[in-house]
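S.K.: What follows is work_0.tsv; its format and atoms are TSV, C-alpha atoms.
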chain	number	residue	atom	x	y	z
A	886	MET	CA	0.00	0.00	0.00
A	887	LYS	CA	2.82	2.42	0.87
A	888	ARG	CA	4.34	1.85	-2.57
A	889	LEU	CA	1.01	2.67	-4.17
A	890	LEU	CA	0.48	5.93	-2.27
A	891	PRO	CA	2.86	8.06	-4.41
A	892	LEU	CA	1.19	6.75	-7.56
A	893	LEU	CA	-2.23	7.48	-6.09
A	894	VAL	CA	-1.19	11.03	-5.24
A	895	LEU	CA	0.07	11.57	-8.80
A	896	ALA	CA	-3.15	10.16	-10.24
A	897	LEU	CA	-5.28	12.42	-8.05
A	898	ALA	CA	-3.18	15.43	-9.02
A	899	ALA	CA	-3.67	14.63	-12.68
A	900	CYS	CA	-7.39	14.39	-12.18
A	901	ALA	CA	-7.40	17.71	-10.33
A	902	THR	CA	-5.59	19.62	-13.09
A	903	PRO	CA	-8.70	20.48	-15.19
A	904	SER	CA	-10.41	22.06	-12.18
A	905	ALA	CA	-7.46	24.45	-11.90
A	906	ARG	CA	-8.25	25.73	-15.41
A	907	PRO	CA	-11.99	26.41	-15.54
A	908	HIS	CA	-13.50	25.98	-18.99
A	909	THR	CA	-16.90	27.61	-18.70
A	910	ASP	CA	-18.98	27.97	-21.85
A	911	ARG	CA	-22.65	28.85	-21.44
A	912	LEU	CA	-22.68	30.63	-24.80
A	913	GLY	CA	-21.82	27.72	-27.08
A	914	LEU	CA	-18.64	29.35	-28.35
A	915	ASP	CA	-17.05	26.12	-29.58
A	916	ALA	CA	-15.97	27.81	-32.81
A	917	LEU	CA	-14.14	30.51	-30.86
A	918	THR	CA	-12.36	27.97	-28.67
A	919	ALA	CA	-11.34	25.94	-31.71
A	920	ALA	CA	-10.12	29.03	-33.57
A	921	VAL	CA	-7.80	29.94	-30.69
A	922	GLU	CA	-6.57	26.40	-30.10
A	923	THR	CA	-5.77	25.82	-33.78
A	924	GLY	CA	-3.86	29.10	-34.06
A	925	ALA	CA	-6.30	31.19	-36.07
A	926	TYR	CA	-5.83	33.75	-33.29
A	927	GLN	CA	-2.25	34.00	-32.07
A	928	ARG	CA	-0.98	34.07	-28.47
A	929	ILE	CA	-4.39	34.42	-26.81
A	930	GLU	CA	-3.86	33.77	-23.10
A	931	ALA	CA	-7.35	34.18	-21.61
A	932	ILE	CA	-10.89	35.14	-22.57
A	933	ILE	CA	-13.73	35.96	-20.20
A	934	VAL	CA	-17.25	36.96	-21.17
A	935	GLU	CA	-19.43	38.16	-18.31
A	936	ARG	CA	-22.98	39.45	-18.34
A	937	ASP	CA	-24.93	40.90	-15.42
A	938	GLY	CA	-22.20	39.70	-13.06
A	939	ALA	CA	-22.28	36.06	-14.25
A	940	ILE	CA	-19.35	34.42	-16.07
A	941	LEU	CA	-20.71	32.95	-19.32
A	942	TYR	CA	-17.43	32.00	-20.94
A	943	GLU	CA	-13.99	31.57	-19.40
A	944	ARG	CA	-11.07	29.86	-21.11
A	945	TYR	CA	-7.31	29.86	-20.66
A	946	PHE	CA	-4.89	28.87	-23.38
A	947	GLY	CA	-1.29	27.76	-23.63
A	948	GLU	CA	0.39	27.87	-20.23
A	949	ALA	CA	-2.02	30.45	-18.77
A	950	GLY	CA	-4.47	29.68	-15.99
A	951	PRO	CA	-6.79	31.56	-13.63
A	952	ASP	CA	-3.90	32.59	-11.38
A	953	THR	CA	-1.65	33.74	-14.21
A	954	ARG	CA	-0.94	37.45	-14.08
A	955	ILE	CA	-0.76	38.84	-17.58
A	956	ASP	CA	0.96	42.12	-18.40
A	957	ALA	CA	-1.77	43.94	-20.28
A	958	ARG	CA	0.59	46.83	-20.97
A	959	SER	CA	-1.22	50.14	-21.55
A	960	ALA	CA	-4.53	48.77	-20.29
A	961	GLY	CA	-3.05	49.78	-16.93
A	962	LYS	CA	-3.44	53.43	-17.90
A	963	SER	CA	-7.20	53.03	-17.51
A	964	ILE	CA	-6.66	51.93	-13.90
A	965	THR	CA	-4.72	55.15	-13.32
A	966	ALA	CA	-7.79	57.06	-14.49
A	967	LEU	CA	-9.91	55.18	-11.93
A	968	ALA	CA	-7.36	55.99	-9.22
A	969	LEU	CA	-7.34	59.66	-10.10
A	970	GLY	CA	-11.13	59.74	-9.95
A	971	ALA	CA	-10.99	58.12	-6.51
A	972	ALA	CA	-8.50	60.77	-5.36
A	973	ILE	CA	-10.85	63.52	-6.55
A	974	ASP	CA	-13.73	61.81	-4.75
A	975	ASP	CA	-11.57	61.68	-1.61
A	976	GLY	CA	-10.99	65.43	-1.81
A	977	MET	CA	-7.25	64.99	-2.35
A	978	ILE	CA	-7.26	66.57	-5.83
A	979	ALA	CA	-9.40	69.63	-6.55
A	980	SER	CA	-10.26	68.91	-10.18
A	981	VAL	CA	-8.90	67.75	-13.51
A	982	ASP	CA	-8.24	71.39	-14.36
A	983	ALA	CA	-5.48	71.61	-11.73
A	984	PRO	CA	-2.06	72.45	-13.24
A	985	ALA	CA	0.06	69.30	-13.38
A	986	LEU	CA	3.45	70.87	-12.71
A	987	ALA	CA	2.23	72.43	-9.46
A	988	TYR	CA	2.69	69.01	-7.86
A	989	PHE	CA	6.40	68.98	-8.68
A	990	ASP	CA	7.82	72.13	-7.07
A	991	ALA	CA	10.43	69.97	-5.32
A	992	GLU	CA	11.83	69.02	-8.74
A	993	ALA	CA	12.55	72.62	-9.80
A	994	PRO	CA	14.16	73.73	-11.95
A	995	ILE	CA	12.40	71.91	-14.78
A	996	ALA	CA	13.97	71.85	-18.23
A	997	HIS	CA	12.24	73.77	-21.01
A	998	ASP	CA	10.07	75.52	-18.44
A	999	SER	CA	7.58	77.90	-20.01
A	1000	PRO	CA	4.07	79.31	-19.56
A	1001	VAL	CA	2.85	76.70	-22.07
A	1002	LYS	CA	4.19	73.84	-19.95
A	1003	ARG	CA	2.88	75.46	-16.78
A	1004	ALA	CA	-0.58	75.53	-18.35
A	1005	VAL	CA	-0.68	71.71	-18.80
A	1006	THR	CA	-3.53	70.34	-16.69
A	1007	LEU	CA	-4.47	66.93	-15.41
A	1008	ARG	CA	-7.25	66.90	-18.03
A	1009	ASP	CA	-4.66	67.44	-20.77
A	1010	LEU	CA	-2.68	64.42	-19.58
A	1011	LEU	CA	-5.81	62.29	-19.17
A	1012	THR	CA	-6.97	62.99	-22.71
A	1013	MET	CA	-3.55	62.70	-24.40
A	1014	SER	CA	-3.86	66.28	-25.61
A	1015	SER	CA	-1.20	68.14	-23.60
A	1016	ALA	CA	1.36	70.58	-24.94
A	1017	LEU	CA	4.22	68.17	-24.21
A	1018	ASP	CA	6.18	67.07	-27.27
A	1019	CYS	CA	5.44	63.46	-26.42
A	1020	ASP	CA	4.21	60.89	-28.90
A	1021	ASP	CA	4.84	57.17	-28.42
A	1022	TRP	CA	3.84	56.59	-32.03
A	1023	ARG	CA	6.78	58.66	-33.31
A	1024	GLU	CA	10.25	57.32	-32.60
A	1025	GLU	CA	11.79	60.78	-32.95
A	1026	SER	CA	9.52	62.34	-30.32
A	1027	PRO	CA	11.50	63.68	-27.33
A	1028	GLY	CA	8.89	62.19	-25.00
A	1029	ASN	CA	8.64	58.73	-26.61
A	1030	GLU	CA	8.28	56.16	-23.82
A	1031	GLU	CA	11.25	54.09	-25.03
A	1032	ARG	CA	13.49	57.06	-24.23
A	1033	MET	CA	12.05	57.16	-20.72
A	1034	TYR	CA	12.98	53.53	-20.08
A	1035	GLU	CA	16.62	54.36	-20.82
A	1036	THR	CA	16.74	56.72	-17.82
A	1037	ARG	CA	16.86	56.04	-14.07
A	1038	ASP	CA	14.47	58.81	-13.01
A	1039	TRP	CA	11.26	58.59	-15.02
A	1040	THR	CA	9.71	61.54	-13.19
A	1041	ARG	CA	12.58	63.80	-14.19
A	1042	PHE	CA	12.37	62.55	-17.77
A	1043	ALA	CA	8.64	63.29	-18.02
A	1044	LEU	CA	8.91	66.72	-16.41
A	1045	ASP	CA	11.76	67.76	-18.72
A	1046	ILE	CA	9.92	66.99	-21.99
A	1047	PRO	CA	9.75	70.22	-24.03
A	1048	ALA	CA	6.52	71.77	-25.21
A	1049	THR	CA	5.40	71.31	-28.79
A	1050	ASP	CA	6.04	74.30	-31.03
A	1051	GLY	CA	2.85	76.06	-32.07
A	1052	TYR	CA	0.62	74.18	-29.63
A	1053	VAL	CA	-2.99	75.37	-29.84
A	1054	ARG	CA	-6.27	74.36	-28.28
A	1055	ASP	CA	-9.54	73.92	-30.14
A	1056	ALA	CA	-12.87	75.55	-29.27
A	1057	GLN	CA	-13.46	72.90	-26.57
A	1058	GLY	CA	-10.08	73.61	-24.98
A	1059	TYR	CA	-8.26	70.47	-26.17
A	1060	GLY	CA	-5.02	70.17	-28.09
A	1061	ARG	CA	-4.21	67.59	-30.77
A	1062	PHE	CA	-4.30	63.92	-29.80
A	1063	SER	CA	-0.80	62.63	-29.07
A	1064	TYR	CA	-0.41	59.32	-27.25
A	1065	CYS	CA	1.95	59.88	-24.31
A	1066	THR	CA	2.81	57.22	-21.72
A	1067	ALA	CA	5.06	59.65	-19.84
A	1068	GLY	CA	2.03	61.86	-19.19
A	1069	ALA	CA	0.08	58.94	-17.74
A	1070	PHE	CA	3.08	58.14	-15.58
A	1071	LEU	CA	3.04	61.71	-14.24
A	1072	LEU	CA	-0.63	61.31	-13.32
A	1073	GLY	CA	0.29	58.38	-11.11
A	1074	ARG	CA	2.93	60.47	-9.39
A	1075	ILE	CA	0.34	63.21	-8.86
A	1076	VAL	CA	-2.10	60.76	-7.25
A	1077	GLU	CA	0.75	59.52	-5.07
A	1078	ARG	CA	1.65	62.99	-3.84
A	1079	ALA	CA	-1.95	64.06	-3.32
A	1080	ALA	CA	-2.76	60.87	-1.39
A	1081	GLY	CA	0.40	60.95	0.68
A	1082	GLU	CA	1.15	57.28	0.01
A	1083	PRO	CA	2.76	55.25	-2.79
A	1084	PHE	CA	0.63	54.97	-5.91
A	1085	ASP	CA	0.46	51.18	-5.76
A	1086	ALA	CA	-0.55	51.27	-2.07
A	1087	TYR	CA	-3.33	53.75	-2.79
A	1088	VAL	CA	-4.67	51.75	-5.75
A	1089	GLU	CA	-4.57	48.49	-3.84
A	1090	ARG	CA	-6.32	50.00	-0.82
A	1091	ARG	CA	-8.97	52.04	-2.63
A	1092	LEU	CA	-9.73	49.81	-5.63
A	1093	PHE	CA	-8.09	46.41	-5.64
A	1094	ALA	CA	-8.79	45.17	-2.10
A	1095	PRO	CA	-12.57	45.81	-2.27
A	1096	LEU	CA	-12.65	43.97	-5.62
A	1097	GLY	CA	-10.66	40.98	-4.38
A	1098	ILE	CA	-7.65	41.79	-6.55
A	1099	VAL	CA	-4.50	40.47	-4.88
A	1100	ALA	CA	-0.77	40.31	-5.62
A	1101	PRO	CA	-0.67	42.66	-8.62
A	1102	GLU	CA	2.63	42.72	-10.47
A	1103	TRP	CA	3.73	46.34	-10.93
A	1104	ARG	CA	6.61	47.45	-13.11
A	1105	ARG	CA	8.92	50.03	-11.53
A	1106	SER	CA	11.62	52.40	-12.67
A	1107	PRO	CA	15.23	51.89	-11.55
A	1108	LEU	CA	14.39	54.28	-8.68
A	1109	GLY	CA	11.33	52.24	-7.68
A	1110	GLN	CA	8.73	54.56	-9.20
A	1111	VAL	CA	5.56	52.65	-10.13
A	1112	GLN	CA	4.76	52.60	-13.85
A	1113	SER	CA	1.25	54.04	-13.72
A	1114	GLY	CA	1.37	54.33	-17.50
A	1115	GLY	CA	0.81	50.58	-17.91
A	1116	GLN	CA	2.72	47.30	-17.65
A	1117	LEU	CA	0.72	45.90	-14.77
A	1118	GLY	CA	0.17	42.16	-14.43
A	1119	LEU	CA	-3.27	41.04	-13.21
A	1120	ARG	CA	-5.40	37.90	-13.51
A	1121	ALA	CA	-8.11	37.76	-16.17
A	1122	ARG	CA	-10.81	37.85	-13.48
A	1123	ASP	CA	-9.18	40.96	-11.99
A	1124	PHE	CA	-9.66	42.78	-15.28
A	1125	GLN	CA	-13.23	41.50	-15.43
A	1126	ALA	CA	-13.87	42.91	-11.93
A	1127	LEU	CA	-12.60	46.32	-13.01
A	1128	GLY	CA	-14.85	46.28	-16.06
A	1129	ARG	CA	-17.82	45.31	-13.90
A	1130	LEU	CA	-17.01	48.18	-11.52
A	1131	VAL	CA	-17.38	50.60	-14.42
A	1132	LEU	CA	-20.67	49.03	-15.55
A	1133	ASP	CA	-22.00	49.15	-11.98
A	1134	ASP	CA	-21.36	52.90	-11.73
A	1135	GLY	CA	-18.42	52.53	-9.37
A	1136	VAL	CA	-20.08	50.27	-6.78
A	1137	ALA	CA	-18.23	47.13	-5.63
A	1138	PRO	CA	-20.02	43.77	-5.23
A	1139	ASP	CA	-20.27	44.33	-1.46
A	1140	GLY	CA	-22.15	47.62	-2.01
A	1141	ARG	CA	-19.26	49.98	-1.29
A	1142	ARG	CA	-18.89	52.91	-3.64
A	1143	LEU	CA	-15.32	53.05	-4.89
A	1144	VAL	CA	-15.59	55.72	-7.59
A	1145	SER	CA	-18.33	58.26	-8.28
A	1146	ALA	CA	-20.71	57.63	-11.15
A	1147	GLN	CA	-20.07	61.18	-12.37
A	1148	TRP	CA	-16.37	60.46	-12.75
A	1149	LEU	CA	-17.04	57.26	-14.68
A	1150	ARG	CA	-19.34	59.13	-17.07
A	1151	GLU	CA	-16.66	61.73	-17.72
A	1152	MET	CA	-13.94	59.10	-17.97
A	1153	THR	CA	-15.70	57.09	-20.66
A	1154	THR	CA	-17.01	60.04	-22.69
A	1155	PRO	CA	-14.84	60.57	-25.78
A	1156	VAL	CA	-13.39	64.07	-26.13
A	1157	ARG	CA	-10.72	63.31	-28.76
A	1158	GLN	CA	-10.81	61.27	-31.96
A	1159	ALA	CA	-7.75	59.05	-31.73
A	1160	ASN	CA	-8.18	57.45	-35.17
A	1161	SER	CA	-10.93	56.62	-37.66
A	1162	ASP	CA	-12.51	54.02	-35.34
A	1163	ASP	CA	-11.68	55.07	-31.78
A	1164	GLY	CA	-12.50	57.95	-29.51
A	1165	TYR	CA	-10.62	58.74	-26.32
A	1166	GLY	CA	-11.85	59.87	-22.92
A	1167	TYR	CA	-9.80	59.89	-19.72
A	1168	LEU	CA	-7.24	57.14	-20.47
A	1169	TRP	CA	-10.14	54.99	-21.74
A	1170	TRP	CA	-10.85	54.23	-25.39
A	1171	THR	CA	-14.31	54.21	-26.95
A	1172	ARG	CA	-15.58	52.40	-30.03
A	1173	SER	CA	-18.75	51.08	-31.60
A	1174	PHE	CA	-18.03	47.37	-31.95
A	1175	SER	CA	-19.92	45.50	-34.66
A	1176	ALA	CA	-21.74	42.24	-34.05
A	1177	ALA	CA	-20.68	40.30	-37.17
A	1178	GLY	CA	-21.24	43.33	-39.36
A	1179	ALA	CA	-24.78	43.86	-38.13
A	1180	ARG	CA	-25.76	45.94	-35.12
A	1181	ARG	CA	-23.12	48.09	-33.44
A	1182	TYR	CA	-22.63	48.55	-29.69
A	1183	HIS	CA	-21.04	51.65	-28.24
A	1184	SER	CA	-18.42	50.55	-25.72
A	1185	ALA	CA	-15.62	51.87	-23.56
A	1186	TYR	CA	-12.50	49.80	-23.23
A	1187	MET	CA	-9.04	49.37	-21.78
A	1188	SER	CA	-6.42	48.59	-24.39
A	1189	GLY	CA	-2.79	47.52	-24.33
A	1190	ASN	CA	0.07	46.34	-26.50
A	1191	GLY	CA	-0.27	42.68	-27.35
A	1192	GLY	CA	-3.93	42.96	-28.28
A	1193	ASN	CA	-5.15	43.20	-24.68
A	1194	LYS	CA	-8.69	44.47	-24.32
A	1195	VAL	CA	-11.21	44.88	-21.50
A	1196	VAL	CA	-14.46	45.99	-23.11
A	1197	VAL	CA	-17.54	47.20	-21.24
A	1198	VAL	CA	-20.76	47.13	-23.26
A	1199	PRO	CA	-23.49	49.02	-21.35
A	1200	GLU	CA	-26.34	48.06	-23.68
A	1201	LEU	CA	-25.64	44.36	-23.09
A	1202	ASP	CA	-24.51	44.81	-19.45
A	1203	ALA	CA	-21.47	42.80	-20.47
A	1204	VAL	CA	-17.72	42.73	-19.89
A	1205	VAL	CA	-15.40	41.08	-22.40
A	1206	VAL	CA	-11.79	40.38	-21.44
A	1207	VAL	CA	-9.26	39.31	-24.07
A	1208	LEU	CA	-5.70	38.94	-22.82
A	1209	SER	CA	-3.12	38.40	-25.52
A	1210	THR	CA	0.67	38.56	-25.72
A	1211	VAL	CA	1.22	39.27	-29.41
A	1212	TYR	CA	3.37	42.20	-28.34
A	1213	ASN	CA	4.50	44.75	-30.93
A	1214	GLN	CA	2.84	42.99	-33.87
A	1215	PRO	CA	0.77	44.91	-36.43
A	1216	THR	CA	-2.09	42.39	-36.20
A	1217	MET	CA	-2.38	42.38	-32.39
A	1218	HIS	CA	-5.39	44.69	-31.99
A	1219	ARG	CA	-7.04	43.62	-35.21
A	1220	GLN	CA	-7.23	39.97	-34.14
A	1221	SER	CA	-8.69	40.82	-30.72
A	1222	THR	CA	-11.31	43.06	-32.30
A	1223	ASP	CA	-12.13	40.37	-34.86
A	1224	LEU	CA	-12.51	37.79	-32.09
A	1225	ILE	CA	-14.94	40.05	-30.23
A	1226	GLU	CA	-16.95	41.07	-33.29
A	1227	ARG	CA	-17.02	37.75	-35.10
A	1228	HIS	CA	-17.66	35.38	-32.17
A	1229	ILE	CA	-18.66	37.07	-28.93
A	1230	LEU	CA	-20.98	39.98	-29.68
A	1231	PRO	CA	-23.19	38.03	-32.14
A	1232	THR	CA	-23.83	35.46	-29.42
A	1233	LEU	CA	-24.40	38.01	-26.64
A	1234	ARG	CA	-26.94	39.97	-28.67
A	1235	LEU	CA	-29.24	36.96	-29.13
Could you write out this file's structure as structure tokens?
M.R.:
Amino acid sequence: MKRLLPLLVLALAACATPSARPHTDRLGLDALTAAVETGAYQRIEAIIVERDGAILYERYFGEAGPDTRIDARSAGKSITALALGAAIDDGMIASVDAPALAYFDAEAPIAHDSPVKRAVTLRDLLTMSSALDCDDWREESPGNEERMYETRDWTRFALDIPATDGYVRDAQGYGRFSYCTAGAFLLGRIVERAAGEPFDAYVERRLFAPLGIVAPEWRRSPLGQVQSGGQLGLRARDFQALGRLVLDDGVAPDGRRLVSAQWLREMTTPVRQANSDDGYGYLWWTRSFSAAGARRYHSAYMSGNGGNKVVVVPELDAVVVVLSTVYNQPTMHRQSTDLIERHILPTLRL
């Protein structure tokens, strides 16, 4: 019997393995599962479809499982927007119209200081429309995020970015859209200073703990500064919980209000047109996703390099999480959007 015990333990462990990787499918999305498993969609790690708080589809692929923390890259920016809204709700930040550089007097002098830079507000950084000469989509931009990663002090790098020549605001008070991770990083530093505690500690206390989100994997600068501009590893269900928080107007499952409904409305209202398909609010994207070319559903979503998407669809009361690690590939966002539009939305709308 003693000789058989190790074999019995191994057998039981093998039997227990499937329960560690839940494969829920109440939507009949066999074609979606097959498409991912046969490689029609590349490097998909996890998919969750939730409606009215109930998980309808949950699958993990490759080596990923429910406890795998996936770096969803710039999707983390949207969490920074939630944190800033919480800080405003807490009375720590007056408004999004506060001047950003006012929080960094200790860093003076700032390179390229000017009235134009001093006029940059939190709203400008939230909407990617500030005067900073910062564009992650242009390699030659002085504020390109890859340049930031080459430095030790990311705060100093972001503060020293020069202003764009000829910067102007439109009739609504916004400048041109220019995607700037360094600006989102500065917003995290502002929340940190306003709250009087590290950014990660504030986020975990105010947002993550009430939602059951544990052991997040934050990226930090060489000086230990938290990358609030993205590169945060969370579980698929953690991203689903954040999407549900937005759909539930900022109220956690236990009834606690974490963020005001007014902030969430502002955050997910597009004020800039980022490209032909997407609008941009406060570090959240907006788009009308098509259900297999038929009806369209206006949605707000978190988005990150690799094809990562956390989509909230108010009309369907649904959250769709697609975590993917096709980093830096031209097809990364297209395949996630195709997966959502071709397979998921047509089933949810029935």
S.K.: Can you pull out the residues contacting region 963-965 of chain A? Cut-off 6 Å, using only C-alpha atoms, and skip same-chain residues under 2 positions away; I want them as number ranges by chain.
M.R.: A: 960-961, 967-968, 1168-1169, 1187
S.K.: Would you mind reading off the distance between CA of Pro1101 (chain A) and CA of Ser1014 (chain A), one decimal, in Å?
M.R.: 29.3 Å
S.K.: Region 904-1016 of chain A near region 1192-1207 of chain A within 8 Å: what's each residue's closest atom pair and its distance in Å to one decimal, counting all atoms listed in the file, ordered by chain then ascending residue number, as CSV?
M.R.:
residue,atom,partner,partner_atom,distance
A:Ile929,CA,A:Val1207,CA,7.4
A:Glu930,CA,A:Val1207,CA,7.8
A:Ala931,CA,A:Val1207,CA,6.0
A:Ile932,CA,A:Val1207,CA,4.7
A:Ile933,CA,A:Val1206,CA,5.0
A:Val934,CA,A:Val1205,CA,4.7
A:Glu935,CA,A:Val1204,CA,5.1
A:Arg936,CA,A:Ala1203,CA,4.2
A:Asp937,CA,A:Asp1202,CA,5.6
A:Ala957,CA,A:Asn1193,CA,5.6
A:Arg958,CA,A:Asn1193,CA,7.7
A:Ala960,CA,A:Asn1193,CA,7.1
S.K.: Hey, can you check how far CA of Val1005 (chain A) sits from CA of Met977 (chain A)?
M.R.: 18.9 Å
S.K.: Between A:Leu1130, A:Ala1067, A:Ala991, A:Leu912, which is the closest to Arg1142 (chain A) once you count all atoms listed in the file?
M.R.: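 Closest candidate: A:Leu1130.
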S.K.: Tell me, in Å to one decimal, how far CA of Gly938 (chain A) is from CA of Asn1190 (chain A).
M.R.: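 That distance, rounded to one decimal, is 26.8 Å.
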S.K.: Complete the atoms of region 1048-1064 of chain A to N, CA and C atoms and put them out as a PDB file, keeping the file's coordinate frame.
M.R.:
ATOM      1  N   ALA A1048       7.843  71.532 -24.638  1.00  0.00           N
ATOM      2  CA  ALA A1048       6.520  71.770 -25.210  1.00  0.00           C
ATOM      3  C   ALA A1048       6.598  71.717 -26.725  1.00  0.00           C
ATOM      4  N   THR A1049       5.485  71.354 -27.335  1.00  0.00           N
ATOM      5  CA  THR A1049       5.400  71.310 -28.790  1.00  0.00           C
ATOM      6  C   THR A1049       5.325  72.723 -29.357  1.00  0.00           C
ATOM      7  N   ASP A1050       6.099  72.990 -30.383  1.00  0.00           N
ATOM      8  CA  ASP A1050       6.040  74.300 -31.030  1.00  0.00           C
ATOM      9  C   ASP A1050       4.664  74.520 -31.643  1.00  0.00           C
ATOM     10  N   GLY A1051       4.118  75.703 -31.448  1.00  0.00           N
ATOM     11  CA  GLY A1051       2.850  76.060 -32.070  1.00  0.00           C
ATOM     12  C   GLY A1051       1.648  75.351 -31.489  1.00  0.00           C
ATOM     13  N   TYR A1052       1.750  74.891 -30.248  1.00  0.00           N
ATOM     14  CA  TYR A1052       0.620  74.180 -29.630  1.00  0.00           C
ATOM     15  C   TYR A1052      -0.598  75.109 -29.520  1.00  0.00           C
ATOM     16  N   VAL A1053      -1.742  74.601 -29.932  1.00  0.00           N
ATOM     17  CA  VAL A1053      -2.990  75.370 -29.840  1.00  0.00           C
ATOM     18  C   VAL A1053      -4.106  74.470 -29.342  1.00  0.00           C
ATOM     19  N   ARG A1054      -5.096  75.078 -28.738  1.00  0.00           N
ATOM     20  CA  ARG A1054      -6.270  74.360 -28.280  1.00  0.00           C
ATOM     21  C   ARG A1054      -7.442  74.661 -29.211  1.00  0.00           C
ATOM     22  N   ASP A1055      -8.363  73.699 -29.314  1.00  0.00           N
ATOM     23  CA  ASP A1055      -9.540  73.920 -30.140  1.00  0.00           C
ATOM     24  C   ASP A1055     -10.612  74.661 -29.345  1.00  0.00           C
ATOM     25  N   ALA A1056     -11.796  74.796 -29.922  1.00  0.00           N
ATOM     26  CA  ALA A1056     -12.870  75.550 -29.270  1.00  0.00           C
ATOM     27  C   ALA A1056     -13.318  74.915 -27.963  1.00  0.00           C
ATOM     28  N   GLN A1057     -13.101  73.601 -27.806  1.00  0.00           N
ATOM     29  CA  GLN A1057     -13.460  72.900 -26.570  1.00  0.00           C
ATOM     30  C   GLN A1057     -12.326  72.910 -25.543  1.00  0.00           C
ATOM     31  N   GLY A1058     -11.182  73.495 -25.911  1.00  0.00           N
ATOM     32  CA  GLY A1058     -10.080  73.610 -24.980  1.00  0.00           C
ATOM     33  C   GLY A1058      -9.070  72.476 -25.045  1.00  0.00           C
ATOM     34  N   TYR A1059      -9.160  71.616 -26.063  1.00  0.00           N
ATOM     35  CA  TYR A1059      -8.260  70.470 -26.170  1.00  0.00           C
ATOM     36  C   TYR A1059      -7.231  70.689 -27.282  1.00  0.00           C
ATOM     37  N   GLY A1060      -6.030  70.163 -27.052  1.00  0.00           N
ATOM     38  CA  GLY A1060      -5.020  70.170 -28.090  1.00  0.00           C
ATOM     39  C   GLY A1060      -5.155  68.949 -28.980  1.00  0.00           C
ATOM     40  N   ARG A1061      -4.182  68.751 -29.866  1.00  0.00           N
ATOM     41  CA  ARG A1061      -4.210  67.590 -30.770  1.00  0.00           C
ATOM     42  C   ARG A1061      -3.988  66.318 -29.964  1.00  0.00           C
ATOM     43  N   PHE A1062      -4.485  65.203 -30.466  1.00  0.00           N
ATOM     44  CA  PHE A1062      -4.300  63.920 -29.800  1.00  0.00           C
ATOM     45  C   PHE A1062      -2.877  63.442 -30.045  1.00  0.00           C
ATOM     46  N   SER A1063      -2.167  63.109 -28.956  1.00  0.00           N
ATOM     47  CA  SER A1063      -0.800  62.630 -29.070  1.00  0.00           C
ATOM     48  C   SER A1063      -0.556  61.650 -27.922  1.00  0.00           C
ATOM     49  N   TYR A1064      -0.430  60.376 -28.255  1.00  0.00           N
ATOM     50  CA  TYR A1064      -0.410  59.320 -27.250  1.00  0.00           C
ATOM     51  C   TYR A1064       0.896  59.355 -26.451  1.00  0.00           C
TER      52      TYR A1064
END
